[in-house]
$ cat input.txt   # compact mmCIF, C-alpha atoms
# COMPACT_ATOMS: atom_id res chain seq x y z
CA MET G 1 0.00 0.00 0.00
CA LEU G 2 2.78 2.38 0.95
CA THR G 3 4.63 1.54 -2.28
CA VAL G 4 1.60 2.46 -4.38
CA VAL G 5 1.22 5.82 -2.64
CA CYS G 6 4.92 6.62 -3.13
CA ALA G 7 4.67 5.77 -6.81
CA ARG G 8 1.72 8.13 -7.20
CA VAL G 9 3.52 10.97 -5.47
CA ALA G 10 6.53 10.40 -7.69
CA CYS G 11 4.30 10.57 -10.76
CA PHE G 12 2.95 13.96 -9.80
CA CYS G 13 6.38 15.28 -9.03
CA GLY G 14 7.57 14.20 -12.48
CA MET G 15 10.56 12.35 -11.13
CA GLN G 16 10.48 8.77 -12.28
CA LEU G 17 8.54 8.29 -15.50
CA ARG G 18 11.07 10.01 -17.70
CA VAL G 19 8.87 11.00 -20.60
CA GLN G 20 11.14 12.26 -23.30
CA GLU G 21 11.17 13.10 -26.97
CA SER G 22 12.18 10.13 -29.04
CA SER G 23 12.21 12.05 -32.29
CA ASN G 24 12.56 15.74 -33.03
CA LEU G 25 9.60 17.74 -34.17
CA VAL G 26 9.18 17.85 -37.92
CA MET G 27 6.98 20.35 -39.71
CA HIS G 28 4.14 18.83 -41.67
CA MET G 29 2.22 22.00 -42.48
CA LEU G 30 3.36 25.60 -42.49
CA VAL G 31 1.04 28.43 -43.43
CA VAL G 32 2.29 31.93 -44.15
CA TYR G 33 0.14 34.97 -44.84
CA GLY G 34 1.06 38.10 -46.76
CA ASN G 35 -0.59 40.80 -48.83
CA THR G 36 0.70 42.31 -52.05
CA GLY G 37 -1.01 45.63 -51.27
CA CYS G 38 -2.57 45.81 -54.70
CA LYS G 39 -5.28 44.08 -56.66
CA MET G 40 -4.09 41.15 -58.71
CA ASP G 41 -4.82 40.20 -62.28
CA LEU G 42 -5.19 36.47 -61.89
CA THR G 43 -6.65 35.64 -65.28
CA CYS G 44 -5.09 33.05 -67.58
CA ASN G 45 -3.61 35.85 -69.68
CA GLY G 46 -2.91 38.02 -66.66
CA ASN G 47 0.27 39.57 -65.41
CA THR G 48 0.56 37.54 -62.21
CA LEU G 49 0.64 34.23 -64.05
CA ALA G 50 3.07 35.64 -66.61
CA VAL G 51 5.48 36.84 -63.92
CA ILE G 52 5.26 33.63 -61.88
CA SER G 53 5.86 31.56 -65.02
CA LYS G 54 8.84 33.68 -65.93
CA MET G 55 10.49 34.06 -62.54
CA LEU G 56 9.64 30.78 -60.81
CA PRO G 57 9.81 27.14 -61.88
CA GLU G 58 6.91 25.40 -63.55
CA CYS G 59 3.83 25.06 -61.40
CA LYS G 60 0.29 23.80 -61.67
CA TYR G 61 -2.06 26.75 -62.05
CA THR G 62 -5.75 26.74 -61.20
CA PRO G 63 -7.40 29.99 -62.27
CA CYS G 64 -10.11 31.88 -60.42
CA ILE G 65 -13.47 30.43 -61.27
CA GLU G 66 -15.97 33.23 -61.27
CA GLU G 67 -18.88 32.69 -58.90
CA HIS G 68 -16.94 29.87 -57.23
CA ASN G 69 -13.87 31.48 -55.77
CA ILE G 70 -11.84 34.62 -56.05
CA HIS G 71 -8.44 33.06 -55.69
CA ALA G 72 -6.05 31.43 -58.10
CA ILE G 73 -3.93 28.51 -56.94
CA PHE G 74 -0.34 27.76 -57.86
CA ARG G 75 1.20 24.42 -56.85
CA TRP G 76 4.83 23.39 -56.75
CA THR G 77 5.59 19.77 -55.89
CA SER G 78 8.97 20.66 -54.44
CA VAL G 79 10.14 23.89 -52.90
CA TRP G 80 13.67 22.73 -53.60
CA SER G 81 13.07 23.52 -57.29
CA ILE G 82 12.14 27.10 -56.35
CA LEU G 83 15.32 27.48 -54.32
CA GLN G 84 17.39 26.11 -57.18
CA SER G 85 15.76 28.47 -59.65
CA SER G 86 16.36 31.45 -57.37
CA VAL G 87 20.05 30.65 -57.34
CA ARG G 88 20.07 30.60 -61.14
CA LEU G 89 18.53 34.05 -61.25
CA ASP G 90 20.88 36.55 -62.72
CA GLN G 91 22.82 38.46 -60.07
CA ALA G 92 21.67 41.78 -61.50
CA ILE G 93 18.01 40.81 -61.14
CA GLN G 94 18.66 39.76 -57.57
CA ARG G 95 20.23 43.13 -56.78
CA ASP G 96 17.24 44.91 -58.33
CA LEU G 97 14.84 42.84 -56.27
CA SER G 98 16.59 43.69 -53.03
CA ARG G 99 16.82 47.37 -53.88
CA ASP G 100 13.17 47.52 -54.85
CA ALA G 101 12.15 45.74 -51.66
CA GLN G 102 13.93 48.33 -49.57
CA GLY G 103 12.21 51.07 -51.54
CA ARG G 104 8.83 49.59 -50.66
CA GLY G 105 9.73 49.44 -47.01
CA ALA G 106 9.56 45.67 -47.12
CA GLY G 107 13.01 45.25 -45.61
CA THR G 108 15.80 43.45 -47.34
CA VAL G 109 14.83 40.45 -49.42
CA THR G 110 17.61 37.96 -49.05
CA ILE G 111 17.81 35.66 -51.98
CA PRO G 112 18.09 32.07 -50.76
CA THR G 113 21.47 30.51 -51.44
CA ALA G 114 22.26 26.97 -52.50
CA GLU G 115 24.41 26.02 -49.53
CA TYR G 116 22.37 23.61 -47.47
CA ASP G 117 23.27 20.42 -45.72
CA GLN G 118 21.98 17.12 -47.05
CA ALA G 119 19.26 16.71 -44.43
CA THR G 120 17.85 20.17 -45.15
CA SER G 121 17.94 19.72 -48.90
CA HIS G 122 16.22 16.35 -48.54
CA PHE G 123 13.52 17.89 -46.40
CA LEU G 124 12.95 20.70 -48.87
CA GLN G 125 12.80 18.28 -51.77
CA GLU G 126 10.04 16.45 -49.97
CA THR G 127 8.09 19.63 -49.22
CA GLY G 128 5.49 21.02 -51.59
CA LEU G 129 3.98 24.48 -51.78
CA THR G 130 0.45 25.59 -52.56
CA LEU G 131 0.07 29.30 -53.06
CA SER G 132 -3.35 30.89 -53.09
CA ILE G 133 -3.64 34.47 -54.35
CA THR G 134 -6.87 36.44 -54.19
CA THR G 135 -7.82 39.30 -56.47
CA LEU G 136 -7.43 41.61 -53.45
CA GLY G 137 -3.79 40.63 -53.04
CA THR G 138 -4.07 38.21 -50.14
CA CYS G 139 -1.43 35.49 -50.45
CA ILE G 140 -1.56 32.27 -48.47
CA TYR G 141 1.54 30.11 -48.75
CA ARG G 142 0.94 26.56 -47.57
CA PHE G 143 4.00 24.37 -47.27
CA GLY G 144 3.40 20.70 -46.63
CA LYS G 145 5.03 17.33 -46.77
CA LYS G 146 4.37 15.46 -49.98
CA ARG G 147 1.71 12.81 -49.92
CA HIS G 148 2.19 9.60 -51.83
CA ARG G 149 -0.24 6.82 -52.64
CA ASP G 150 0.48 3.58 -50.98
CA PRO G 151 1.21 1.12 -53.85
CA CYS G 152 -0.33 -1.71 -51.80
CA HIS G 153 -3.59 0.22 -51.47
CA ALA G 154 -3.70 1.90 -54.83
CA ASP G 155 -7.41 1.25 -55.19
CA SER G 156 -8.35 2.43 -51.76
CA HIS G 157 -7.04 5.95 -52.43
CA GLN G 158 -5.12 5.77 -49.21
CA GLN G 159 -2.44 8.37 -48.99
CA HIS G 160 0.55 8.41 -46.72
CA ARG G 161 3.08 11.01 -45.90
CA MET G 162 6.61 10.05 -46.80
CA PRO G 163 8.48 8.82 -43.78
CA SER G 164 10.71 11.68 -42.83
CA HIS G 165 14.32 10.77 -42.25
CA SER G 166 15.41 14.34 -42.60
CA GLU G 167 16.16 16.75 -39.83
CA TYR G 168 14.03 19.81 -39.33
CA SER G 169 15.44 22.71 -37.40
CA ALA G 170 14.98 26.41 -36.82
CA GLU G 171 17.46 26.93 -39.68
CA THR G 172 15.31 24.89 -42.06
CA GLU G 173 12.30 26.92 -41.02
CA GLU G 174 14.18 30.17 -41.60
CA ILE G 175 15.03 29.01 -45.14
CA ILE G 176 11.31 28.47 -45.75
CA PHE G 177 10.44 31.93 -44.39
CA GLN G 178 13.22 33.42 -46.50
CA LEU G 179 11.90 31.64 -49.59
CA CYS G 180 8.45 32.95 -48.81
CA ARG G 181 9.65 36.54 -48.60
CA TYR G 182 11.52 36.09 -51.87
CA MET G 183 8.45 34.70 -53.66
CA HIS G 184 6.20 37.33 -52.16
CA HIS G 185 8.47 39.99 -53.51
CA ILE G 186 8.31 38.55 -57.02
CA ILE G 187 4.52 38.37 -56.83
CA THR G 188 4.20 41.86 -55.37
CA THR G 189 6.24 43.41 -58.14
CA SER G 190 4.23 41.59 -60.81
CA MET X 191 -17.06 55.34 -59.63
CA ILE X 192 -19.77 52.71 -60.08
CA ASN X 193 -18.88 51.22 -56.69
CA THR X 194 -19.30 54.57 -54.96
CA ASN X 195 -22.67 55.30 -56.53
CA ILE X 196 -24.07 51.80 -56.82
CA ASP X 197 -26.89 52.51 -54.34
CA ASP X 198 -28.11 55.42 -56.48
CA LEU X 199 -27.91 53.57 -59.80
CA PRO X 200 -30.62 51.29 -61.16
CA ARG X 201 -29.65 47.66 -61.30
CA GLU X 202 -30.95 47.31 -64.82
CA MET X 203 -31.65 49.86 -67.55
CA LEU X 204 -33.54 49.19 -70.78
CA LEU X 205 -32.04 50.64 -73.95
CA LEU X 206 -34.93 50.82 -76.38
CA ASN X 207 -33.87 53.97 -78.24
CA GLU X 208 -30.48 55.13 -79.44
CA GLY X 209 -29.21 55.63 -75.93
CA LYS X 210 -29.96 56.63 -72.39
CA SER X 211 -28.57 59.05 -69.83
CA LEU X 212 -28.45 59.02 -66.07
CA GLN X 213 -27.51 61.69 -63.58
CA VAL X 214 -26.54 61.11 -59.97
CA ILE X 215 -26.32 64.23 -57.82
CA SER X 216 -24.79 64.28 -54.40
CA GLU X 217 -23.35 67.08 -52.30
CA GLY X 218 -20.49 68.51 -54.32
CA ASN X 219 -20.65 65.87 -57.03
CA ILE X 220 -22.51 65.27 -60.26
CA LEU X 221 -22.12 62.01 -62.12
CA ASN X 222 -23.46 61.84 -65.67
CA ILE X 223 -23.63 58.48 -67.38
CA HIS X 224 -24.46 58.34 -71.06
CA ILE X 225 -25.00 54.98 -72.73
CA LEU X 226 -24.85 55.42 -76.49
CA LYS X 227 -25.71 52.72 -79.00
CA THR X 228 -23.27 53.67 -81.75
CA CYS X 229 -21.08 50.62 -82.34
CA THR X 230 -21.65 48.19 -85.16
CA GLN X 231 -19.13 45.65 -83.87
CA ARG X 232 -18.31 44.43 -80.39
CA SER X 233 -14.66 45.44 -80.82
CA GLU X 234 -15.72 49.08 -81.24
CA GLU X 235 -17.21 49.29 -77.77
CA HIS X 236 -15.37 51.73 -75.56
CA CYS X 237 -15.88 54.37 -72.92
CA VAL X 238 -14.80 57.97 -72.37
CA LEU X 239 -14.41 59.72 -69.07
CA GLU X 240 -14.52 63.49 -68.71
CA GLU X 241 -13.99 65.32 -65.47
CA SER X 242 -14.23 68.96 -64.58
CA GLU X 243 -14.34 71.03 -61.45
CA TRP X 244 -16.85 73.87 -61.14
CA ARG X 245 -16.51 76.75 -58.73
CA CYS X 246 -19.32 79.12 -57.94
CA TRP X 247 -19.45 82.76 -56.74
CA ASP X 248 -22.50 84.71 -55.75
CA GLY X 249 -22.12 88.02 -57.61
CA ASP X 250 -24.35 91.07 -58.07
CA PHE X 251 -27.68 89.82 -59.39
CA GLN X 252 -26.03 86.81 -60.94
CA VAL X 253 -24.17 83.66 -60.10
CA LEU X 254 -20.76 83.15 -61.67
CA TRP X 255 -19.44 79.75 -62.54
CA GLU X 256 -15.93 78.72 -63.48
CA GLN X 257 -15.38 75.36 -65.17
CA LYS X 258 -11.88 73.92 -64.90
CA CYS X 259 -11.11 70.84 -66.98
CA THR X 260 -9.14 68.10 -65.28
CA ASN X 261 -8.77 65.91 -68.37
CA ALA X 262 -5.25 65.41 -69.68
CA GLU X 263 -5.85 66.93 -73.11
CA SER X 264 -7.45 70.13 -71.82
CA PHE X 265 -6.02 70.23 -68.33
CA ASN X 266 -6.62 73.46 -66.40
CA GLU X 267 -8.58 75.02 -69.27
CA ARG X 268 -11.06 77.46 -67.72
CA THR X 269 -14.44 78.52 -69.05
CA TYR X 270 -16.77 81.03 -67.38
CA TYR X 271 -20.55 81.01 -67.20
CA ARG X 272 -23.05 83.51 -65.94
CA GLN X 273 -26.29 82.33 -64.43
CA ARG X 274 -29.24 84.68 -64.23
CA TYR X 275 -31.55 84.55 -61.24
CA ALA X 276 -34.80 83.26 -62.62
CA GLU X 277 -38.15 84.06 -61.11
CA GLY X 278 -39.83 81.30 -59.15
CA VAL X 279 -38.25 78.77 -56.92
CA GLN X 280 -34.58 79.31 -56.36
CA VAL X 281 -32.01 77.66 -54.29
CA GLY X 282 -32.28 78.67 -50.68
CA GLN X 283 -35.64 80.40 -50.80
CA SER X 284 -39.24 79.48 -50.26
CA ASN X 285 -41.91 79.21 -52.96
CA ASN X 286 -43.45 82.57 -52.01
CA ASP X 287 -40.28 84.55 -52.03
CA VAL X 288 -39.15 85.67 -55.50
CA GLU X 289 -36.47 88.06 -54.35
CA LYS X 290 -32.84 87.25 -54.97
CA VAL X 291 -31.22 85.46 -52.11
CA GLY X 292 -27.79 83.97 -51.66
CA VAL X 293 -27.06 80.55 -53.08
CA ASP X 294 -27.29 77.69 -50.65
CA LYS X 295 -23.92 76.00 -50.53
CA VAL X 296 -25.32 72.55 -50.00
CA ARG X 297 -27.41 72.81 -53.13
CA ALA X 298 -24.71 74.11 -55.46
CA ALA X 299 -24.51 70.75 -57.19
CA CYS X 300 -28.29 70.64 -57.67
CA MET X 301 -28.32 74.13 -59.09
CA LEU X 302 -25.54 73.38 -61.54
CA ALA X 303 -27.32 70.22 -62.65
CA GLU X 304 -30.57 72.12 -63.15
CA CYS X 305 -29.15 75.12 -64.98
CA SER X 306 -26.32 73.78 -67.11
CA SER X 307 -27.22 73.57 -70.80
CA THR X 308 -30.23 75.86 -70.28
CA PRO X 309 -30.68 79.48 -71.43
CA GLU X 310 -30.37 80.50 -67.79
CA MET X 311 -26.69 79.82 -67.95
CA SER X 312 -24.60 81.50 -70.61
CA ARG X 313 -20.95 81.26 -71.48
CA HIS X 314 -19.06 84.51 -71.47
CA LYS X 315 -15.67 86.07 -71.11
CA ARG X 316 -15.09 87.16 -67.56
CA THR X 317 -15.18 90.93 -67.09
CA LYS X 318 -12.92 92.85 -64.77
CA ARG X 319 -15.85 93.50 -62.46
CA GLN X 320 -16.72 89.83 -62.33
CA LYS X 321 -13.08 88.98 -61.66
CA ILE X 322 -13.25 91.18 -58.60
CA ALA X 323 -16.54 89.56 -57.59
CA CYS X 324 -14.87 86.11 -57.67
CA ARG X 325 -13.29 86.58 -54.28
CA GLU X 326 -13.37 84.44 -51.19
CA GLU X 327 -16.26 86.12 -49.38
CA ASN X 328 -18.50 85.52 -52.41
CA PHE X 329 -17.38 81.94 -52.88
CA VAL X 330 -20.26 79.50 -52.63
CA GLY X 331 -18.75 76.11 -53.27
CA ARG X 332 -17.31 73.68 -55.75
CA VAL X 333 -18.85 70.83 -57.68
CA LYS X 334 -17.01 67.96 -59.33
CA VAL X 335 -18.67 66.86 -62.54
CA THR X 336 -17.82 63.44 -63.93
CA THR X 337 -19.21 62.43 -67.30
CA PHE X 338 -18.92 58.80 -68.26
CA MET X 339 -19.84 57.94 -71.83
CA VAL X 340 -20.18 54.30 -72.76
CA PHE X 341 -20.41 53.43 -76.44
CA VAL X 342 -22.08 50.07 -76.88
CA LEU X 343 -23.27 47.84 -79.69
CA GLU X 344 -26.33 49.06 -81.61
CA SER X 345 -28.17 45.85 -80.81
CA THR X 346 -27.78 46.34 -77.02
CA THR X 347 -31.15 46.18 -75.32
CA ARG X 348 -30.25 46.56 -71.67
CA VAL X 349 -27.46 47.57 -69.34
CA PHE X 350 -26.73 46.22 -65.87
CA PHE X 351 -24.85 48.10 -63.20
CA VAL X 352 -22.85 45.77 -61.02
CA SER X 353 -20.31 46.51 -58.36
CA ASP X 354 -17.49 44.64 -56.71
CA ARG X 355 -18.87 45.48 -53.31
CA ILE X 356 -16.58 43.11 -51.47
CA ALA X 357 -13.59 44.91 -52.94
CA ALA X 358 -15.05 48.24 -51.93
CA ARG X 359 -15.68 47.11 -48.38
CA ASN X 360 -12.31 45.48 -47.94
CA GLY X 361 -10.37 48.32 -49.46
CA GLU X 362 -8.71 49.22 -46.20
CA ARG X 363 -7.38 45.70 -45.77
CA ASN X 364 -5.54 45.85 -49.03
CA ASN X 365 -2.26 47.01 -47.48
CA PHE X 366 1.09 45.48 -48.27
CA SER X 367 2.32 43.09 -45.63
CA VAL X 368 5.49 41.04 -45.40
CA PRO X 369 4.65 37.31 -45.28
CA LYS X 370 4.41 36.02 -41.75
CA ALA X 371 3.76 32.56 -40.34
CA VAL X 372 0.20 32.16 -39.10
CA ASN X 373 -0.06 28.43 -38.49
CA ILE X 374 2.61 25.75 -38.30
CA CYS X 375 1.99 22.14 -37.37
CA TYR X 376 4.69 19.71 -36.27
CA THR X 377 4.81 16.00 -35.64
CA GLY X 378 7.10 14.09 -33.28
CA THR X 379 7.18 11.19 -30.85
CA VAL X 380 7.70 10.77 -27.16
CA THR X 381 8.34 7.71 -25.03
CA GLY X 382 7.51 6.98 -21.42
CA THR X 383 4.39 6.66 -19.36
CA ILE X 384 2.25 9.74 -19.25
CA PHE X 385 -0.08 10.65 -16.46
CA PRO X 386 -2.72 13.03 -17.88
CA THR X 387 -3.66 14.18 -14.40
CA ALA X 388 -0.12 15.43 -13.90
CA ILE X 389 -0.53 17.72 -16.90
CA SER X 390 -3.96 18.83 -15.76
CA ALA X 391 -2.69 19.60 -12.29
CA GLU X 392 -0.08 21.96 -13.62
CA MET X 393 -1.70 23.37 -16.73
CA HIS X 394 -5.32 23.42 -15.51
CA GLN X 395 -6.85 23.43 -18.96
CA ALA X 396 -5.33 20.18 -20.29
CA LYS X 397 -8.07 17.77 -21.26
CA LYS X 398 -8.15 14.07 -21.56
CA ARG X 399 -9.40 12.88 -24.95
CA GLY X 400 -8.86 15.74 -27.28
CA PRO X 401 -9.94 16.07 -30.91
CA CYS X 402 -8.57 14.03 -33.83
CA GLY X 403 -8.37 10.90 -31.67
CA SER X 404 -5.74 12.31 -29.35
CA GLU X 405 -5.50 10.99 -25.84
CA ILE X 406 -4.31 14.20 -24.24
CA HIS X 407 -4.90 17.72 -25.45
CA VAL X 408 -2.77 20.55 -24.06
CA ASP X 409 -3.85 24.08 -24.94
CA THR X 410 -1.19 26.76 -24.58
CA SER X 411 -0.83 30.38 -25.57
CA MET X 412 1.77 29.36 -28.15
CA GLY X 413 -0.27 26.57 -29.74
CA VAL X 414 -1.94 23.25 -29.10
CA MET X 415 -0.13 20.04 -28.28
CA GLN X 416 -1.82 16.68 -28.74
CA ILE X 417 -0.54 13.38 -27.47
CA PHE X 418 -1.83 10.23 -29.13
CA GLY X 419 -2.23 6.66 -27.92
CA ASN X 420 0.58 4.42 -26.84
CA ASN X 421 2.06 2.44 -29.71
CA GLY X 422 4.64 0.00 -28.40
CA GLY X 423 5.96 2.45 -25.85
CA SER X 424 6.06 5.33 -28.31
CA ARG X 425 3.43 8.05 -28.62
CA LYS X 426 2.89 10.31 -31.56
CA ILE X 427 2.62 14.01 -30.68
CA THR X 428 1.42 16.89 -32.80
CA CYS X 429 1.94 20.58 -32.17
CA LYS X 430 -0.61 22.68 -34.00
CA ALA X 431 -1.14 26.39 -34.58
CA PHE X 432 2.40 27.38 -33.58
CA LEU X 433 4.33 30.23 -35.14
CA ASN X 434 7.82 28.73 -35.00
CA ILE X 435 9.62 25.56 -34.02
CA VAL X 436 11.41 27.15 -31.08
CA GLU X 437 8.08 27.70 -29.30
CA ALA X 438 6.84 24.22 -30.23
CA ASN X 439 10.01 22.61 -28.86
CA TYR X 440 9.66 24.63 -25.67
CA ILE X 441 6.11 23.36 -25.10
CA VAL X 442 7.11 19.74 -25.79
CA ARG X 443 10.00 19.95 -23.33
CA ARG X 444 7.75 21.63 -20.77
CA VAL X 445 5.06 18.98 -21.03
CA CYS X 446 7.63 16.20 -20.89
CA SER X 447 9.13 17.70 -17.76
CA MET X 448 5.70 17.75 -16.11
CA VAL X 449 4.96 14.09 -16.60

$ encode --input "input.txt" --output "structure tokens"
Amino acid sequence: MLTVVCARVACFCGMQLRVQESSNLVMHMLVVYGNTGCKMDLTCNGNTLAVISKMLPECKYTPCIEEHNIHAIFRWTSVWSILQSSVRLDQAIQRDLSRDAQGRGAGTVTIPTAEYDQATSHFLQETGLTLSITTLGTCIYRFGKKRHRDPCHADSHQQHRMPSHSEYSAETEEIIFQLCRYMHHIITTS
Amino acid sequence: MINTNIDDLPREMLLLNEGKSLQVISEGNILNIHILKTCTQRSEEHCVLEESEWRCWDGDFQVLWEQKCTNAESFNERTYYRQRYAEGVQVGQSNNDVEKVGVDKVRAACMLAECSSTPEMSRHKRTKRQKIACREENFVGRVKVTTFMVFVLESTTRVFFVSDRIAARNGERNNFSVPKAVNICYTGTVTGTIFPTAISAEMHQAKKRGPCGSEIHVDTSMGVMQIFGNNGGSRKITCKAFLNIVEANYIVRRVCSMV
């Protein structure tokens, strides 16, 4: 009886059970909000689509459907491709972007660099981005882990997230935020 | 322009003849809309916008008007008009009073709308005496006149006035903002035996059986932490609605230290 009571007391004091993290936290959904400050031309022949197509890698575009929604959706299967493309951007364009960002009071836009460790690059390769832009300029960036169909349950439409063997850290998160600011700047100047 | 005046415009307008005109008068503003059926092809359809600012002075036995164009091609071009005081009802006086009285400032726009293009108002070159009369103490008010001409297909039978009212209402929200995280969710695992009551005792609001099948639900000011069922000694945890991983890690460590 005395042993049971002692055990209970120990539980409440948090001394003996030793609950601990067995794996680090990994992001599975990250939502960022921003506003371009101007109305957006989101039509199929519009400027926003033209600029995104020119400045960013290929994406899947879903236009605004009148009477259904007022936002267009852009999907990239891997944010790694966006980072790679940003590195390929001509240095002069990058300088212009940063200068223009300061002029708008948006702070410095740091262009993401290509120097990442293997774990980070693996994580970013496995992360997709869905960007929703409304005609009023509201931008929602939704980063998420890729989903893949389970080959054993192809008919059941079961989807599973890829097992994550990659590390996720505050540095990885900062790269995502940095990428977001960079993309937002491109969209804002469109 | 349509957004601002949508409440004063008809929703639908029939175009049975060669065209139709509308006039919306508000304090200090006159909006003229002319729909003209002149185009033979859809590609010819277009619109023209003309804007001018009118200023009014109450002179000796007459009202003086100055029209200043604000259009690019005739910018700042000034034309002067003289308006005679007609007998009968005038601005700022009762039906029984036919004597000249000063122009009511509020009704300047109404008066301009009523008298323009009528014999009452005549164009003239401003005299020296009138120039002197156009001083501040005689100033009555100003009226902005906007004329919107829409040239449509000859076969057009009706026009609808629609407005992006949501855009008008949300105008003030349309400010530039740097992208900021609003919701981040993380997944992880913990091991060890967890006593939900231990969390409740310290955090007060922690509940057993949270949403999404979680066994323990911990609500914090930084976000929500959920602990799921035991799976071979390991428990899945999710941290939802956080703003960065540093805060999420802090909460996980804090909860682990409690139990």

$ residues_around --input "input.txt" --residues "Thr230 of chain X" --least-positions-apart "5" --cutoff "10 Å" --atoms "only C-alpha atoms" --output "PyMOL selection string"
chain X and resi 235+342-345

$ write_last_selection --input "input.txt" --atoms "C-alpha atoms" --output "mmCIF file, in the coordinates of the input"
data_model
loop_
_atom_site.group_PDB
_atom_site.id
_atom_site.type_symbol
_atom_site.label_atom_id
_atom_site.label_comp_id
_atom_site.auth_asym_id
_atom_site.auth_seq_id
_atom_site.Cartn_x
_atom_site.Cartn_y
_atom_site.Cartn_z
ATOM 1 C CA GLU X 235 -17.210 49.290 -77.770
ATOM 2 C CA VAL X 342 -22.080 50.070 -76.880
ATOM 3 C CA LEU X 343 -23.270 47.840 -79.690
ATOM 4 C CA GLU X 344 -26.330 49.060 -81.610
ATOM 5 C CA SER X 345 -28.170 45.850 -80.810
#

$ interface_residues --input "input.txt" --of "chain G" --to "chain X" --cutoff "7 Å" --atoms "all atoms listed in the file" --output "tab-separated table (two decimals) with C-alpha atoms, keeping the file's coordinate frame"
chain	number	residue	atom	x	y	z
G	11	CYS	CA	4.30	10.57	-10.76
G	12	PHE	CA	2.95	13.96	-9.80
G	14	GLY	CA	7.57	14.20	-12.48
G	17	LEU	CA	8.54	8.29	-15.50
G	18	ARG	CA	11.07	10.01	-17.70
G	19	VAL	CA	8.87	11.00	-20.60
G	20	GLN	CA	11.14	12.26	-23.30
G	21	GLU	CA	11.17	13.10	-26.97
G	22	SER	CA	12.18	10.13	-29.04
G	23	SER	CA	12.21	12.05	-32.29
G	24	ASN	CA	12.56	15.74	-33.03
G	25	LEU	CA	9.60	17.74	-34.17
G	26	VAL	CA	9.18	17.85	-37.92
G	27	MET	CA	6.98	20.35	-39.71
G	28	HIS	CA	4.14	18.83	-41.67
G	29	MET	CA	2.22	22.00	-42.48
G	30	LEU	CA	3.36	25.60	-42.49
G	31	VAL	CA	1.04	28.43	-43.43
G	32	VAL	CA	2.29	31.93	-44.15
G	33	TYR	CA	0.14	34.97	-44.84
G	34	GLY	CA	1.06	38.10	-46.76
G	35	ASN	CA	-0.59	40.80	-48.83
G	36	THR	CA	0.70	42.31	-52.05
G	37	GLY	CA	-1.01	45.63	-51.27
G	38	CYS	CA	-2.57	45.81	-54.70
G	106	ALA	CA	9.56	45.67	-47.12
G	136	LEU	CA	-7.43	41.61	-53.45
G	137	GLY	CA	-3.79	40.63	-53.04
G	170	ALA	CA	14.98	26.41	-36.82
G	180	CYS	CA	8.45	32.95	-48.81
G	181	ARG	CA	9.65	36.54	-48.60

$ residues_around --input "input.txt" --residues "segment 42-57 of chain G" --least-positions-apart "2" --cutoff "10 Å" --atoms "only C-alpha atoms" --output "PyMOL selection string"
chain G and resi 39-40+59+61-65+70-74+76+78-79+81-86+89+133-135+137+183+186-190

$ residues_around --input "input.txt" --residues "Ala119 of chain G" --least-positions-apart "2" --cutoff "7 Å" --atoms "all atoms listed in the file" --output "ChimeraX atom specification"
/G:117,121-123,166-167

$ atom_distance --input "input.txt" --atom1 "atom CA of Gln231 of chain X" --atom2 "atom CA of Gly209 of chain X"
16.3 Å

$ axis_aligned_box --input "input.txt" --around "segment 375-386 of chain X" --padding-each-side "3 Å" --output "AutoDock Vina command-line options"
--center_x 2.8 --center_y 14.4 --center_z -26.9 --size_x 17.1 --size_y 21.5 --size_z 26.9

$ atom_distance --input "input.txt" --atom1 "atom CA of Arg201 of chain X" --atom2 "atom CA of Met339 of chain X"
17.7 Å

$ atom_distance --input "input.txt" --atom1 "atom CA of Gln416 of chain X" --atom2 "atom CA of Leu129 of chain G"
25.0 Å

$ decode --input "input.txt" --residues "segment 46-53 of chain G" --atoms "N, CA and C atoms" --output "CSV table (one decimal), in the first residue's frame"
chain,number,residue,atom,x,y,z
G,46,GLY,N,-3.2,36.9,-67.5
G,46,GLY,CA,-2.9,38.0,-66.7
G,46,GLY,C,-1.4,38.1,-66.3
G,47,ASN,N,-1.1,39.2,-65.7
G,47,ASN,CA,0.3,39.6,-65.4
G,47,ASN,C,0.9,38.7,-64.3
G,48,THR,N,0.0,38.3,-63.3
G,48,THR,CA,0.6,37.5,-62.2
G,48,THR,C,1.1,36.2,-62.7
G,49,LEU,N,0.2,35.5,-63.5
G,49,LEU,CA,0.6,34.2,-64.1
G,49,LEU,C,1.9,34.4,-64.9
G,50,ALA,N,1.9,35.4,-65.7
G,50,ALA,CA,3.1,35.6,-66.6
G,50,ALA,C,4.4,35.8,-65.8
G,51,VAL,N,4.3,36.6,-64.7
G,51,VAL,CA,5.5,36.8,-63.9
G,51,VAL,C,5.9,35.6,-63.2
G,52,ILE,N,4.9,34.9,-62.6
G,52,ILE,CA,5.3,33.6,-61.9
G,52,ILE,C,5.9,32.6,-62.8
G,53,SER,N,5.3,32.5,-64.0
G,53,SER,CA,5.9,31.6,-65.0
G,53,SER,C,7.3,31.9,-65.4
